[in-house]
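Okay, input-v4.csv is below, CSV, C-alpha atoms:
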chain,number,residue,atom,x,y,z
I,14,MET,CA,91.3,22.1,-73.5
I,15,PRO,CA,90.0,18.7,-74.4
I,16,LEU,CA,87.3,16.9,-72.6
I,17,LEU,CA,89.2,13.6,-72.4
I,18,PRO,CA,88.9,10.4,-70.4
I,19,GLU,CA,90.6,10.7,-67.1
I,20,LYS,CA,93.3,8.2,-68.1
I,21,LEU,CA,94.6,10.7,-70.6
I,22,HIS,CA,94.9,13.5,-68.0
I,23,SER,CA,97.6,11.5,-66.1
I,24,SER,CA,99.9,12.1,-69.1
I,25,ALA,CA,99.4,15.9,-68.9
I,26,PHE,CA,97.1,15.8,-71.9
I,27,ALA,CA,94.2,17.1,-69.8
I,28,THR,CA,93.3,17.8,-72.8
I,29,SER,CA,74.5,19.3,-91.8
I,30,SER,CA,77.1,20.5,-94.4
I,31,THR,CA,80.5,21.7,-93.5
I,32,THR,CA,82.9,24.3,-94.7
I,33,THR,CA,86.5,23.0,-94.8
I,34,THR,CA,88.9,25.9,-94.6
I,35,THR,CA,92.4,26.5,-95.7
I,36,ALA,CA,94.1,29.9,-95.2
I,37,ALA,CA,93.5,30.8,-98.8
I,38,ALA,CA,89.8,30.0,-98.4
I,39,ALA,CA,89.7,32.0,-95.2
I,40,ALA,CA,91.2,35.0,-97.1
I,41,SER,CA,88.5,34.7,-99.7
I,42,ARG,CA,85.9,35.3,-97.1
I,43,ASN,CA,86.8,39.0,-97.0
I,44,SER,CA,85.4,39.4,-100.5
I,45,VAL,CA,81.8,38.6,-99.4
I,46,THR,CA,81.8,40.1,-95.9
I,47,ALA,CA,80.9,43.6,-97.0
I,48,SER,CA,77.7,42.5,-98.8
I,49,SER,CA,76.6,40.5,-95.8
I,50,VAL,CA,77.1,43.3,-93.3
I,51,ASN,CA,74.8,45.6,-95.3
I,52,SER,CA,72.0,43.1,-95.2
I,53,GLY,CA,71.0,44.1,-91.6
I,54,ARG,CA,71.8,42.6,-88.2
I,55,ASN,CA,68.4,41.1,-87.6
I,56,SER,CA,68.3,39.1,-90.8
I,57,ILE,CA,70.4,36.1,-91.8
I,58,PRO,CA,73.1,37.5,-94.1
I,59,ASN,CA,73.9,36.1,-97.5
I,60,HIS,CA,77.4,34.6,-97.1
I,61,ALA,CA,77.7,33.6,-100.7
I,62,ALA,CA,79.1,30.1,-101.4
I,63,PHE,CA,82.0,30.0,-99.0
I,64,LEU,CA,80.1,31.0,-95.9
I,65,SER,CA,76.8,29.3,-96.4
I,66,PRO,CA,76.1,26.9,-93.5
I,67,TYR,CA,75.0,24.4,-96.1
I,68,THR,CA,78.1,24.5,-98.4
I,69,THR,CA,81.1,22.3,-98.5
I,70,ILE,CA,84.3,23.7,-99.9
I,71,HIS,CA,87.0,21.3,-101.2
I,72,PRO,CA,90.0,23.7,-101.7
I,73,ARG,CA,92.3,21.2,-103.4
I,74,ASN,CA,93.7,23.9,-105.8
I,75,LEU,CA,94.2,26.4,-102.9
I,76,ALA,CA,96.4,24.3,-100.7
I,77,SER,CA,99.6,25.6,-102.3
I,78,THR,CA,98.9,29.1,-101.0
I,79,ILE,CA,99.7,28.0,-97.5
I,80,SER,CA,100.3,24.6,-96.1
I,81,PRO,CA,98.0,23.1,-93.5
I,82,PHE,CA,100.7,24.1,-91.0
I,83,SER,CA,101.6,27.7,-91.5
I,84,THR,CA,104.9,26.9,-89.8
I,85,ASN,CA,106.0,24.4,-92.4
I,86,GLY,CA,106.7,21.8,-89.7
I,87,ARG,CA,108.3,24.2,-87.3
I,88,MET,CA,106.8,25.3,-84.0
I,89,PRO,CA,104.7,28.5,-84.2
I,90,THR,CA,106.0,31.5,-82.3
I,91,PHE,CA,103.6,33.6,-80.2
I,92,LEU,CA,104.4,37.2,-79.4
I,93,LEU,CA,102.4,39.1,-76.8
I,94,SER,CA,105.1,41.4,-75.3
I,95,SER,CA,103.9,44.5,-77.2
I,96,VAL,CA,100.2,44.1,-76.4
I,97,ALA,CA,99.0,46.2,-73.4
I,98,CYS,CA,97.1,44.3,-70.7
I,99,ASN,CA,95.6,44.9,-67.3
I,100,ASP,CA,95.2,42.3,-64.6
I,101,GLY,CA,92.5,42.3,-62.0
I,102,THR,CA,90.7,40.3,-59.3
I,103,LEU,CA,87.1,39.3,-59.2
I,104,VAL,CA,85.7,38.3,-55.8
I,105,VAL,CA,83.1,35.5,-56.1
I,106,SER,CA,80.9,33.8,-53.5
I,107,ARG,CA,80.0,30.2,-52.9
I,108,THR,CA,77.7,28.4,-50.5
I,109,THR,CA,77.4,24.7,-49.9
I,110,PRO,CA,74.3,22.5,-49.2
I,111,SER,CA,75.5,21.9,-45.7
I,112,SER,CA,76.1,25.5,-44.8
I,113,SER,CA,74.4,28.8,-45.6
I,114,SER,CA,77.5,30.8,-44.9
I,115,GLN,CA,79.2,32.7,-47.8
I,116,ASN,CA,82.6,31.6,-48.9
I,117,GLN,CA,84.6,34.1,-50.9
I,118,PHE,CA,87.3,33.4,-53.5
I,119,ASN,CA,89.4,35.4,-55.9
I,120,LEU,CA,89.3,34.9,-59.6
I,121,GLN,CA,92.1,36.4,-61.7
I,122,TYR,CA,91.2,38.1,-65.0
I,123,ARG,CA,93.3,39.8,-67.7
I,124,ILE,CA,92.2,42.3,-70.3
I,125,PHE,CA,94.3,42.7,-73.4
I,126,ARG,CA,94.0,46.1,-75.2
I,127,PRO,CA,92.0,47.5,-72.3
I,128,ARG,CA,91.5,50.9,-74.0
I,129,SER,CA,89.4,49.2,-76.6
I,130,LEU,CA,87.0,47.6,-74.1
I,131,SER,CA,84.2,50.1,-74.9
I,132,SER,CA,85.0,50.4,-78.6
I,133,GLN,CA,81.9,50.9,-80.8
I,134,GLN,CA,83.8,49.7,-83.9
I,135,GLY,CA,85.2,46.3,-82.8
I,136,ALA,CA,83.4,44.9,-79.8
I,137,PRO,CA,85.5,43.0,-77.3
I,138,ILE,CA,85.8,39.2,-77.1
I,139,VAL,CA,85.1,37.4,-73.9
I,140,VAL,CA,87.2,34.2,-73.9
I,141,LEU,CA,86.3,31.1,-72.0
I,142,HIS,CA,89.0,28.4,-71.5
I,143,GLY,CA,88.4,24.7,-71.4
I,144,GLY,CA,89.2,21.7,-69.2
I,145,PRO,CA,87.4,22.0,-66.9
I,146,GLY,CA,90.5,23.1,-65.0
I,147,VAL,CA,93.0,24.2,-67.6
I,148,PRO,CA,93.6,28.0,-67.4
I,149,SER,CA,93.6,30.6,-70.1
I,150,ASP,CA,97.3,30.6,-71.1
I,151,TYR,CA,96.9,28.4,-74.1
I,152,LEU,CA,94.3,30.8,-75.6
I,153,TYR,CA,96.4,34.0,-75.2
I,154,PRO,CA,97.8,33.6,-78.8
I,155,LEU,CA,94.3,34.6,-79.9
I,156,VAL,CA,95.4,38.2,-79.1
I,157,ASP,CA,98.1,37.9,-81.8
I,158,VAL,CA,95.9,36.7,-84.6
I,159,VAL,CA,92.8,38.8,-83.9
I,160,PRO,CA,94.2,42.4,-83.9
I,161,TYR,CA,92.8,45.6,-82.5
I,162,ARG,CA,90.0,44.0,-80.4
I,163,SER,CA,90.0,44.0,-76.6
I,164,MET,CA,90.0,40.5,-75.2
I,165,VAL,CA,88.9,39.5,-71.7
I,166,TYR,CA,90.2,36.3,-70.1
I,167,PHE,CA,89.7,34.8,-66.7
I,168,ASP,CA,90.9,31.7,-65.0
I,169,GLN,CA,87.9,29.8,-63.7
I,170,LEU,CA,87.7,28.7,-60.1
I,171,GLY,CA,90.1,25.9,-59.3
I,172,CYS,CA,92.9,26.5,-61.8
I,173,GLY,CA,95.5,29.0,-63.0
I,174,ARG,CA,96.0,32.1,-60.9
I,175,SER,CA,92.5,31.8,-59.3
I,176,ASP,CA,91.7,30.3,-56.0
I,177,ALA,CA,91.3,26.5,-55.9
I,178,PRO,CA,89.1,25.4,-52.9
I,179,ALA,CA,89.1,21.7,-52.2
I,180,ASP,CA,85.3,21.4,-51.6
I,181,LEU,CA,83.7,20.0,-54.8
I,182,ASP,CA,80.4,21.7,-53.9
I,183,PHE,CA,81.9,25.0,-54.9
I,184,TYR,CA,82.2,23.8,-58.5
I,185,SER,CA,79.5,23.6,-61.2
I,186,ILE,CA,78.6,24.9,-64.6
I,187,SER,CA,76.0,27.1,-63.1
I,188,ASN,CA,78.5,28.6,-60.6
I,189,ALA,CA,80.9,29.3,-63.5
I,190,ILE,CA,78.2,31.1,-65.4
I,191,ASP,CA,77.5,33.2,-62.3
I,192,ASP,CA,81.1,34.2,-62.2
I,193,LEU,CA,81.1,35.1,-65.9
I,194,GLU,CA,78.0,37.3,-65.4
I,195,LYS,CA,79.6,39.0,-62.5
I,196,LEU,CA,82.8,39.7,-64.4
I,197,ILE,CA,80.9,41.2,-67.4
I,198,LYS,CA,79.0,43.4,-65.0
I,199,LYS,CA,82.0,44.5,-63.1
I,200,LEU,CA,83.9,45.5,-66.3
I,201,GLY,CA,80.9,47.5,-67.5
I,202,ILE,CA,80.7,45.6,-70.8
I,203,ARG,CA,77.5,46.3,-72.7
I,204,ARG,CA,78.2,44.6,-76.1
I,205,PHE,CA,80.6,41.8,-76.8
I,206,HIS,CA,81.4,38.6,-78.7
I,207,LEU,CA,81.7,35.3,-76.9
I,208,TYR,CA,84.3,32.6,-77.6
I,209,GLY,CA,84.5,29.3,-75.9
I,210,GLN,CA,87.0,26.5,-76.5
I,211,SER,CA,86.1,22.9,-75.8
I,212,TYR,CA,84.5,23.0,-72.3
I,213,GLY,CA,84.5,26.8,-72.5
I,214,GLY,CA,82.1,26.4,-75.4
I,215,ILE,CA,79.7,24.6,-73.0
I,216,LEU,CA,79.9,27.5,-70.6
I,217,ALA,CA,79.3,29.9,-73.5
I,218,PHE,CA,76.2,28.1,-74.7
I,219,GLU,CA,74.7,27.7,-71.2
I,220,TYR,CA,75.3,31.4,-70.5
I,221,LEU,CA,73.5,32.4,-73.6
I,222,LYS,CA,70.6,30.0,-72.9
I,223,ARG,CA,70.3,31.4,-69.4
I,224,VAL,CA,70.1,35.0,-70.7
I,225,ALA,CA,67.5,34.0,-73.3
I,226,GLU,CA,65.4,32.3,-70.7
I,227,ARG,CA,65.7,35.3,-68.4
I,228,LYS,CA,64.5,37.7,-71.2
I,229,LYS,CA,61.5,35.4,-71.8
I,230,MET,CA,60.5,35.6,-68.2
I,231,ASN,CA,61.0,39.4,-68.2
I,232,GLU,CA,59.8,40.2,-71.7
I,233,ASN,CA,58.2,43.5,-70.8
I,234,GLY,CA,60.6,44.5,-68.0
I,235,ARG,CA,64.0,46.1,-67.9
I,236,ASP,CA,66.8,44.4,-69.8
I,237,ASP,CA,70.0,44.7,-67.8
I,238,ASP,CA,72.0,42.1,-69.6
I,239,ALA,CA,74.9,43.0,-71.8
I,240,ARG,CA,74.3,42.2,-75.5
I,241,CYS,CA,76.2,39.2,-76.9
I,242,LEU,CA,76.6,40.0,-80.6
I,243,SER,CA,77.7,36.5,-81.8
I,244,VAL,CA,79.3,33.4,-80.4
I,245,ILE,CA,82.0,30.8,-81.5
I,246,LEU,CA,82.1,27.3,-80.0
I,247,SER,CA,85.5,25.8,-80.9
I,248,SER,CA,85.9,22.0,-80.6
I,249,THR,CA,82.9,21.9,-78.2
I,250,PRO,CA,80.9,18.6,-78.0
I,251,THR,CA,77.2,18.5,-77.3
I,252,SER,CA,77.6,15.4,-75.1
I,253,VAL,CA,80.5,14.6,-72.7
I,254,SER,CA,79.8,10.8,-72.8
I,255,LEU,CA,79.9,10.9,-76.6
I,256,VAL,CA,83.3,12.7,-76.8
I,257,GLU,CA,84.6,10.3,-74.2
I,258,GLU,CA,83.6,7.3,-76.3
I,259,THR,CA,85.0,8.9,-79.4
I,260,ALA,CA,88.4,9.7,-77.8
I,261,THR,CA,88.6,6.2,-76.4
I,262,ARG,CA,87.9,4.7,-79.8
I,263,LEU,CA,90.6,6.8,-81.4
I,264,LEU,CA,93.0,5.9,-78.6
I,265,ASP,CA,92.2,2.2,-79.0
I,266,ALA,CA,92.9,2.4,-82.7
I,267,ILE,CA,96.4,3.7,-82.0
I,268,LYS,CA,96.9,1.0,-79.4
I,269,SER,CA,96.0,-1.6,-82.0
I,270,GLU,CA,98.6,-0.1,-84.4
I,271,GLU,CA,101.3,-0.2,-81.8
I,272,ASP,CA,100.5,-3.8,-80.8
I,273,GLU,CA,100.8,-4.8,-84.4
I,274,LYS,CA,104.2,-3.1,-84.7
I,275,GLU,CA,105.3,-4.8,-81.5
I,276,THR,CA,104.2,-8.2,-82.8
I,277,ARG,CA,106.1,-7.7,-86.0
I,278,ASN,CA,109.2,-6.6,-84.2
I,279,ASP,CA,109.0,-9.7,-81.9
I,280,GLU,CA,108.7,-11.9,-85.0
I,281,ASN,CA,111.6,-10.2,-86.7
I,282,ASN,CA,113.9,-10.3,-83.6
I,283,GLY,CA,112.9,-13.8,-82.4
I,284,GLU,CA,111.9,-14.8,-78.8
I,285,ASP,CA,113.9,-13.6,-75.8
I,286,ASP,CA,117.0,-15.5,-75.1
I,287,GLU,CA,115.9,-18.3,-72.7
I,288,SER,CA,119.1,-17.9,-70.8
I,289,ASP,CA,118.0,-14.4,-69.6
I,290,ALA,CA,117.2,-14.3,-66.0
I,291,ALA,CA,113.5,-14.3,-65.2
I,292,GLY,CA,113.8,-11.0,-63.2
I,293,ALA,CA,115.6,-9.2,-66.0
I,294,GLY,CA,113.0,-10.4,-68.5
I,295,GLU,CA,110.1,-9.1,-66.4
I,296,ASN,CA,111.9,-5.8,-65.9
I,297,LYS,CA,112.4,-5.4,-69.6
I,298,LYS,CA,108.8,-6.2,-70.3
I,299,LYS,CA,107.6,-3.6,-67.8
I,300,GLN,CA,109.9,-0.9,-69.3
I,301,ASP,CA,108.7,-1.8,-72.8
I,302,ASN,CA,105.1,-1.5,-71.7
I,303,GLU,CA,105.7,1.9,-70.1
I,304,SER,CA,107.5,3.1,-73.2
I,305,ASN,CA,104.7,1.8,-75.4
I,306,ASN,CA,102.1,3.6,-73.4
I,307,GLU,CA,104.0,6.9,-73.6
I,308,GLN,CA,104.2,6.4,-77.4
I,309,ILE,CA,100.5,5.8,-77.6
I,310,LEU,CA,99.7,9.0,-75.7
I,311,GLU,CA,102.1,11.0,-77.8
I,312,SER,CA,100.7,9.6,-81.0
I,313,PHE,CA,97.2,10.6,-79.8
I,314,ARG,CA,98.5,14.1,-79.1
I,315,GLN,CA,100.1,14.5,-82.5
I,316,ARG,CA,97.1,13.1,-84.4
I,317,HIS,CA,94.1,14.4,-82.6
I,318,GLN,CA,95.0,17.0,-80.0
I,319,CYS,CA,97.8,19.3,-81.2
I,320,ARG,CA,99.5,18.4,-84.5
I,321,THR,CA,102.8,20.1,-83.7
I,322,PRO,CA,106.3,18.6,-83.3
I,323,SER,CA,106.1,19.2,-79.5
I,324,ILE,CA,103.7,20.8,-77.1
I,325,PRO,CA,103.5,24.6,-77.8
I,326,GLN,CA,104.7,26.8,-75.0
I,327,PRO,CA,101.2,28.4,-74.3
I,328,LEU,CA,99.8,24.9,-73.9
I,329,SER,CA,102.7,23.8,-71.7
I,330,ASP,CA,102.2,27.0,-69.6
I,331,ALA,CA,98.5,26.1,-69.1
I,332,TYR,CA,99.3,22.5,-68.1
I,333,SER,CA,101.9,23.7,-65.6
I,334,HIS,CA,99.2,25.2,-63.4
I,335,ALA,CA,96.1,23.2,-64.3
I,336,GLY,CA,93.5,22.4,-61.7
I,337,THR,CA,93.6,19.2,-59.7
I,338,VAL,CA,90.2,19.4,-57.9
I,339,TRP,CA,87.6,19.7,-60.6
I,340,ARG,CA,88.9,18.8,-64.0
I,341,GLY,CA,88.2,16.9,-67.2
I,342,THR,CA,85.2,14.8,-68.0
I,343,THR,CA,84.9,13.4,-64.5
I,344,ALA,CA,83.7,16.8,-63.4
I,345,ILE,CA,80.7,16.9,-65.8
I,346,PRO,CA,80.2,13.3,-66.9
I,347,ASP,CA,76.4,13.6,-67.6
I,348,TYR,CA,76.4,16.9,-69.5
I,349,VAL,CA,74.3,16.9,-72.6
I,350,ALA,CA,73.4,20.2,-74.4
I,351,LYS,CA,69.6,20.9,-74.5
I,352,PRO,CA,67.7,23.5,-76.4
I,353,PRO,CA,66.1,26.5,-74.7
I,354,SER,CA,62.4,26.4,-74.0
I,355,ASP,CA,59.9,27.4,-76.6
I,356,GLY,CA,59.4,31.1,-77.1
I,357,VAL,CA,62.7,32.4,-75.9
I,358,PRO,CA,64.2,35.4,-77.8
I,359,ARG,CA,66.5,34.5,-80.6
I,360,MET,CA,70.0,33.6,-79.4
I,361,PRO,CA,73.0,35.1,-81.1
I,362,SER,CA,74.3,33.9,-84.5
I,363,ALA,CA,76.8,31.1,-83.9
I,364,MET,CA,79.8,29.4,-85.5
I,365,ILE,CA,81.0,26.0,-84.5
I,366,MET,CA,84.5,25.1,-85.6
I,367,ARG,CA,86.8,22.1,-85.2
I,368,GLY,CA,90.0,20.6,-86.7
I,369,GLU,CA,89.9,18.1,-89.5
I,370,HIS,CA,91.6,15.6,-87.2
I,371,ASP,CA,90.0,16.7,-83.9
I,372,PHE,CA,89.0,14.1,-81.4
I,373,VAL,CA,85.8,16.2,-81.1
I,374,THR,CA,84.6,14.9,-84.3
I,375,GLN,CA,81.7,15.9,-86.5
I,376,GLU,CA,79.5,13.4,-84.7
I,377,CYS,CA,80.3,15.1,-81.4
I,378,MET,CA,79.4,18.6,-82.8
I,379,GLU,CA,76.6,18.0,-85.3
I,380,GLY,CA,73.9,18.3,-82.6
I,381,TRP,CA,74.5,22.1,-82.4
I,382,LYS,CA,72.9,22.3,-85.8
I,383,LYS,CA,70.8,19.2,-86.2
I,384,ASP,CA,69.1,19.4,-82.8
I,385,ASP,CA,68.3,23.1,-83.1
I,386,LEU,CA,70.1,23.8,-79.9
I,387,PHE,CA,70.4,27.6,-80.5
I,388,GLY,CA,66.7,27.9,-81.4
I,389,HIS,CA,67.5,29.0,-84.9
I,390,LYS,CA,68.9,27.4,-88.0
I,391,PHE,CA,71.8,29.8,-88.6
I,392,VAL,CA,74.7,27.9,-87.1
I,393,ARG,CA,77.7,27.9,-89.4
I,394,GLU,CA,80.2,25.1,-89.2
I,395,VAL,CA,83.9,25.4,-90.2
I,396,VAL,CA,86.5,22.6,-90.3
I,397,LEU,CA,90.1,23.7,-90.2
I,398,ALA,CA,92.1,21.7,-92.7
I,399,GLY,CA,95.2,19.9,-91.3
I,400,CYS,CA,94.4,20.8,-87.6
I,401,ALA,CA,93.2,18.9,-84.6
I,402,HIS,CA,91.8,20.2,-81.3
I,403,HIS,CA,94.1,23.2,-80.9
I,404,GLY,CA,93.8,24.9,-84.3
I,405,LEU,CA,94.9,28.2,-82.7
I,406,LEU,CA,98.2,26.7,-81.8
I,407,GLU,CA,98.6,24.6,-84.9
I,408,ASN,CA,97.8,27.2,-87.6
I,409,PRO,CA,97.4,30.5,-85.9
I,410,ARG,CA,97.0,32.6,-89.0
I,411,LEU,CA,94.2,30.4,-90.4
I,412,TYR,CA,92.5,30.3,-87.1
I,413,GLY,CA,92.7,34.0,-86.6
I,414,ASP,CA,91.3,34.8,-90.0
I,415,VAL,CA,88.3,32.6,-89.4
I,416,VAL,CA,87.5,34.0,-86.0
I,417,ASP,CA,88.1,37.7,-86.8
I,418,SER,CA,86.1,37.6,-90.0
I,419,PHE,CA,83.1,36.0,-88.3
I,420,PHE,CA,83.0,38.4,-85.4
I,421,ALA,CA,83.5,41.4,-87.8
I,422,GLU,CA,80.2,40.5,-89.4
I,423,TYR,CA,78.3,41.2,-86.2
I,424,ASP,CA,79.9,44.3,-84.8
Can you turn what I pasted into C-alpha cells?
Amino acid sequence: MPLLPEKLHSSAFATSSTTTTTAAAAASRNSVTASSVNSGRNSIPNHAAFLSPYTTIHPRNLASTISPFSTNGRMPTFLLSSVACNDGTLVVSRTTPSSSSQNQFNLQYRIFRPRSLSSQQGAPIVVLHGGPGVPSDYLYPLVDVVPYRSMVYFDQLGCGRSDAPADLDFYSISNAIDDLEKLIKKLGIRRFHLYGQSYGGILAFEYLKRVAERKKMNENGRDDDARCLSVILSSTPTSVSLVEETATRLLDAIKSEEDEKETRNDENNGEDDESDAAGAGENKKKQDNESNNEQILESFRQRHQCRTPSIPQPLSDAYSHAGTVWRGTTAIPDYVAKPPSDGVPRMPSAMIMRGEHDFVTQECMEGWKKDDLFGHKFVREVVLAGCAHHGLLENPRLYGDVVDSFFAEYD
C-alpha cells in the first residue's frame, strides 16, 4: 500500500539505468535464465541485455503482444479458491517504556500451498504488506501468478485479522521485524525469498540489514538465521519525506488541471444568476467543492495508484479492515534508508520494481542503487509499462512473470 500523505488516507486511498518491461519482454527473460543459473550462486550472473541492471529496453515493437493492461480495460479477475492454504496465529510480545510487563498479542498468518513450504526446488516467498496498516489481502493475487511456490503472509500488528492495541508504543519498524523473525522461526523456514510491497519493502530491507549486522558480530559463531536467497522491493521509497513530497506534487498537478477546467466551465456558463438566494449559492458552492475533491482523489488513484476502472476487489478487501492506530506516513515520517556498516556479509541479490506511472517515482527509488544501500552493486531495476503503484492488480500476468523469473534465478 502506498506511503501517502495523511490527507489521502481519508478518502480510503491509504494508499542508474532502468529496464522497462512489457509482458512480451518479460517472456523473453526466460531465454536467458538458464545460462545465468549455471554461472553460480555466489557470482553476479550474466543476465544478457534484457536483465542487465544497466540496460534500458524500449519495447515499442513488442507492445502489440499484450496491452499494458492485460485485461484490455476490464477489471482483472483473481481466483484463489483452488489453492490450498493454512491459517495460524503467532503470539508476539510487547513492552512499553513506562512498564516492564509483557503484553501479548495475536498476529494472524496464512500459508498458501503449505506442502511446498520446505521445497528444495522452489523456495517459499515470505510476503510483507504495506501501509503501514493495510493488511495482506491486496497481495493474495500473487499466489495466482506465481505458481507452485508456497507463500507466507501475515497481517502486521494493528490491522487485518491481527490484534490492534491502541498504545502507539507497541508499534515500530523494529518491532515488526521482531515479529517477522519469530514467524520464520516458528514455521521452521530455512531458505526463502523475500518480497515487500511499498512499506513492506522497508521492512524487508531493514530485516536483511539486521541479519547482516548480526552475522558480522558473530562471524565465527553459529549461524541460526534462515537464509534469504533474494529480495524484491516493489514500489518502495528510500525516504518517506521524499515520497510525501512527490505524491503531494502529483496531487497538486491534478488540482491545477481541475481548477482550469472549472474556470473554463464558469466562463462558458456565465456567472450565477444574481437572483439566486445567497444560501442556495453557498450550498451549491460547497457541493461543487466536495465533488471536485472527490474527482481529484479518484484521478490520482487512476493515474498513480491503481490504473483500473474501479478499485480491484483485493484492494477493497484490504481497505475494509485497514488499521486506524498506526498507519501511513504519519507512523514513520522520518524514515530514510541507510546502508549497513562496513564489513557486513553480502546481502542478498535484489530487484526493485515500480510502475511507469507510480507515485513512488524513479527519484524515490534510485537511492537503492545509487547510494549502495545493499552493500553491493547488483540491484536490478524494472519498470512495469502502463502500471502505477499496484502493478500486481493492474497487470497480473506481467507482474507475475517478472517476480517468478527473478526468484527462479536464486533457488
Please return as an mmCIF file with C-alpha atoms, keeping the file's coordinate frame every residue within 8 Å of (88.1, 39.1, -54.2), taking into account only C-alpha atoms and the file's own coordinates.
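Result saved to selection31.cif:
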data_model
loop_
_atom_site.group_PDB
_atom_site.id
_atom_site.type_symbol
_atom_site.label_atom_id
_atom_site.label_comp_id
_atom_site.auth_asym_id
_atom_site.auth_seq_id
_atom_site.Cartn_x
_atom_site.Cartn_y
_atom_site.Cartn_z
ATOM 1 C CA THR I 102 90.700 40.300 -59.300
ATOM 2 C CA LEU I 103 87.100 39.300 -59.200
ATOM 3 C CA VAL I 104 85.700 38.300 -55.800
ATOM 4 C CA VAL I 105 83.100 35.500 -56.100
ATOM 5 C CA GLN I 117 84.600 34.100 -50.900
ATOM 6 C CA PHE I 118 87.300 33.400 -53.500
ATOM 7 C CA ASN I 119 89.400 35.400 -55.900
ATOM 8 C CA LEU I 120 89.300 34.900 -59.600
#
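Atom CA of I:Asn116 lies 12.8 Å from atom CA of I:Asn188.
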For I:Gly209, work out the shell of residues within 9 Å, counting all atoms listed in the file and skipping chain neighbours fewer than 5 positions away, then give it as a short mmCIF file (atom, residue, chain, number, x, y, z; two decimals) with C-alpha atoms, in the frame of the given file.
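Ended up saving to out-v1.cif:
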data_model
loop_
_atom_site.label_atom_id
_atom_site.label_comp_id
_atom_site.auth_asym_id
_atom_site.auth_seq_id
_atom_site.Cartn_x
_atom_site.Cartn_y
_atom_site.Cartn_z
CA VAL I 139 85.10 37.40 -73.90
CA VAL I 140 87.20 34.20 -73.90
CA LEU I 141 86.30 31.10 -72.00
CA HIS I 142 89.00 28.40 -71.50
CA GLY I 143 88.40 24.70 -71.40
CA GLY I 214 82.10 26.40 -75.40
CA ILE I 215 79.70 24.60 -73.00
CA LEU I 216 79.90 27.50 -70.60
CA ALA I 217 79.30 29.90 -73.50
CA PHE I 218 76.20 28.10 -74.70
CA VAL I 244 79.30 33.40 -80.40
CA ILE I 245 82.00 30.80 -81.50
CA LEU I 246 82.10 27.30 -80.00
CA SER I 247 85.50 25.80 -80.90
CA SER I 248 85.90 22.00 -80.60
CA THR I 249 82.90 21.90 -78.20
#
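Proximity ranking of I:Ser269, I:Thr342, I:Thr337, I:Ser243 relative to I:Leu170 places I:Thr337 first, based on all atoms listed in the file.
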*Quick one: of I:Gln318, I:Ile324, I:Gly399, I:Phe183, who's nearest to I:Gln115, counting only C-alpha atoms?*
I:Phe183
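For the pair atom CA of I:Gly336 and atom CA of I:Asp192, the interatomic distance is 17.1 Å.
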_Nearby residues (only C-alpha atoms) at most 8 Å from I:Tyr153, same-chain spacing under 4 positions excluded, as a PyMOL selection string_ = chain I and resi 149+157+327
Applying 8 Å and only C-alpha atoms, which residues near stretch 355-366 of chain I remain after dropping the ones on its own chain fewer than 3 positions away? List them as a tab-separated table (two decimals) with C-alpha atoms, in the coordinates of the input.
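Result file follows (around_0.tsv):
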chain	number	residue	atom	x	y	z
I	221	LEU	CA	73.50	32.40	-73.60
I	222	LYS	CA	70.60	30.00	-72.90
I	225	ALA	CA	67.50	34.00	-73.30
I	226	GLU	CA	65.40	32.30	-70.70
I	228	LYS	CA	64.50	37.70	-71.20
I	229	LYS	CA	61.50	35.40	-71.80
I	241	CYS	CA	76.20	39.20	-76.90
I	242	LEU	CA	76.60	40.00	-80.60
I	243	SER	CA	77.70	36.50	-81.80
I	244	VAL	CA	79.30	33.40	-80.40
I	245	ILE	CA	82.00	30.80	-81.50
I	246	LEU	CA	82.10	27.30	-80.00
I	247	SER	CA	85.50	25.80	-80.90
I	248	SER	CA	85.90	22.00	-80.60
I	249	THR	CA	82.90	21.90	-78.20
I	378	MET	CA	79.40	18.60	-82.80
I	381	TRP	CA	74.50	22.10	-82.40
I	387	PHE	CA	70.40	27.60	-80.50
I	388	GLY	CA	66.70	27.90	-81.40
I	389	HIS	CA	67.50	29.00	-84.90
I	391	PHE	CA	71.80	29.80	-88.60
I	392	VAL	CA	74.70	27.90	-87.10
I	393	ARG	CA	77.70	27.90	-89.40
I	394	GLU	CA	80.20	25.10	-89.20
I	395	VAL	CA	83.90	25.40	-90.20
I	396	VAL	CA	86.50	22.60	-90.30
I	397	LEU	CA	90.10	23.70	-90.20
I	419	PHE	CA	83.10	36.00	-88.30
Could you pull stretch 373-388 of chain I out of the structure I just pasted and write it to a file containing C-alpha atoms, as a PDB file, in the first residue's frame?
ATOM      1  CA  VAL I 373       6.834   6.218  -5.978  1.00  0.00           C
ATOM      2  CA  THR I 374       8.896   7.610  -8.828  1.00  0.00           C
ATOM      3  CA  GLN I 375      12.409   6.821 -10.013  1.00  0.00           C
ATOM      4  CA  GLU I 376      13.637   9.678  -7.834  1.00  0.00           C
ATOM      5  CA  CYS I 377      12.079   7.969  -4.809  1.00  0.00           C
ATOM      6  CA  MET I 378      13.736   4.617  -5.577  1.00  0.00           C
ATOM      7  CA  GLU I 379      17.066   5.404  -7.224  1.00  0.00           C
ATOM      8  CA  GLY I 380      18.826   5.529  -3.862  1.00  0.00           C
ATOM      9  CA  TRP I 381      18.572   1.744  -3.553  1.00  0.00           C
ATOM     10  CA  LYS I 382      21.200   1.564  -6.299  1.00  0.00           C
ATOM     11  CA  LYS I 383      22.949   4.933  -6.270  1.00  0.00           C
ATOM     12  CA  ASP I 384      23.590   5.031  -2.524  1.00  0.00           C
ATOM     13  CA  ASP I 385      24.842   1.434  -2.338  1.00  0.00           C
ATOM     14  CA  LEU I 386      22.237   0.604   0.305  1.00  0.00           C
ATOM     15  CA  PHE I 387      22.559  -3.153  -0.149  1.00  0.00           C
ATOM     16  CA  GLY I 388      26.332  -3.044   0.144  1.00  0.00           C
TER      17      GLY I 388
END
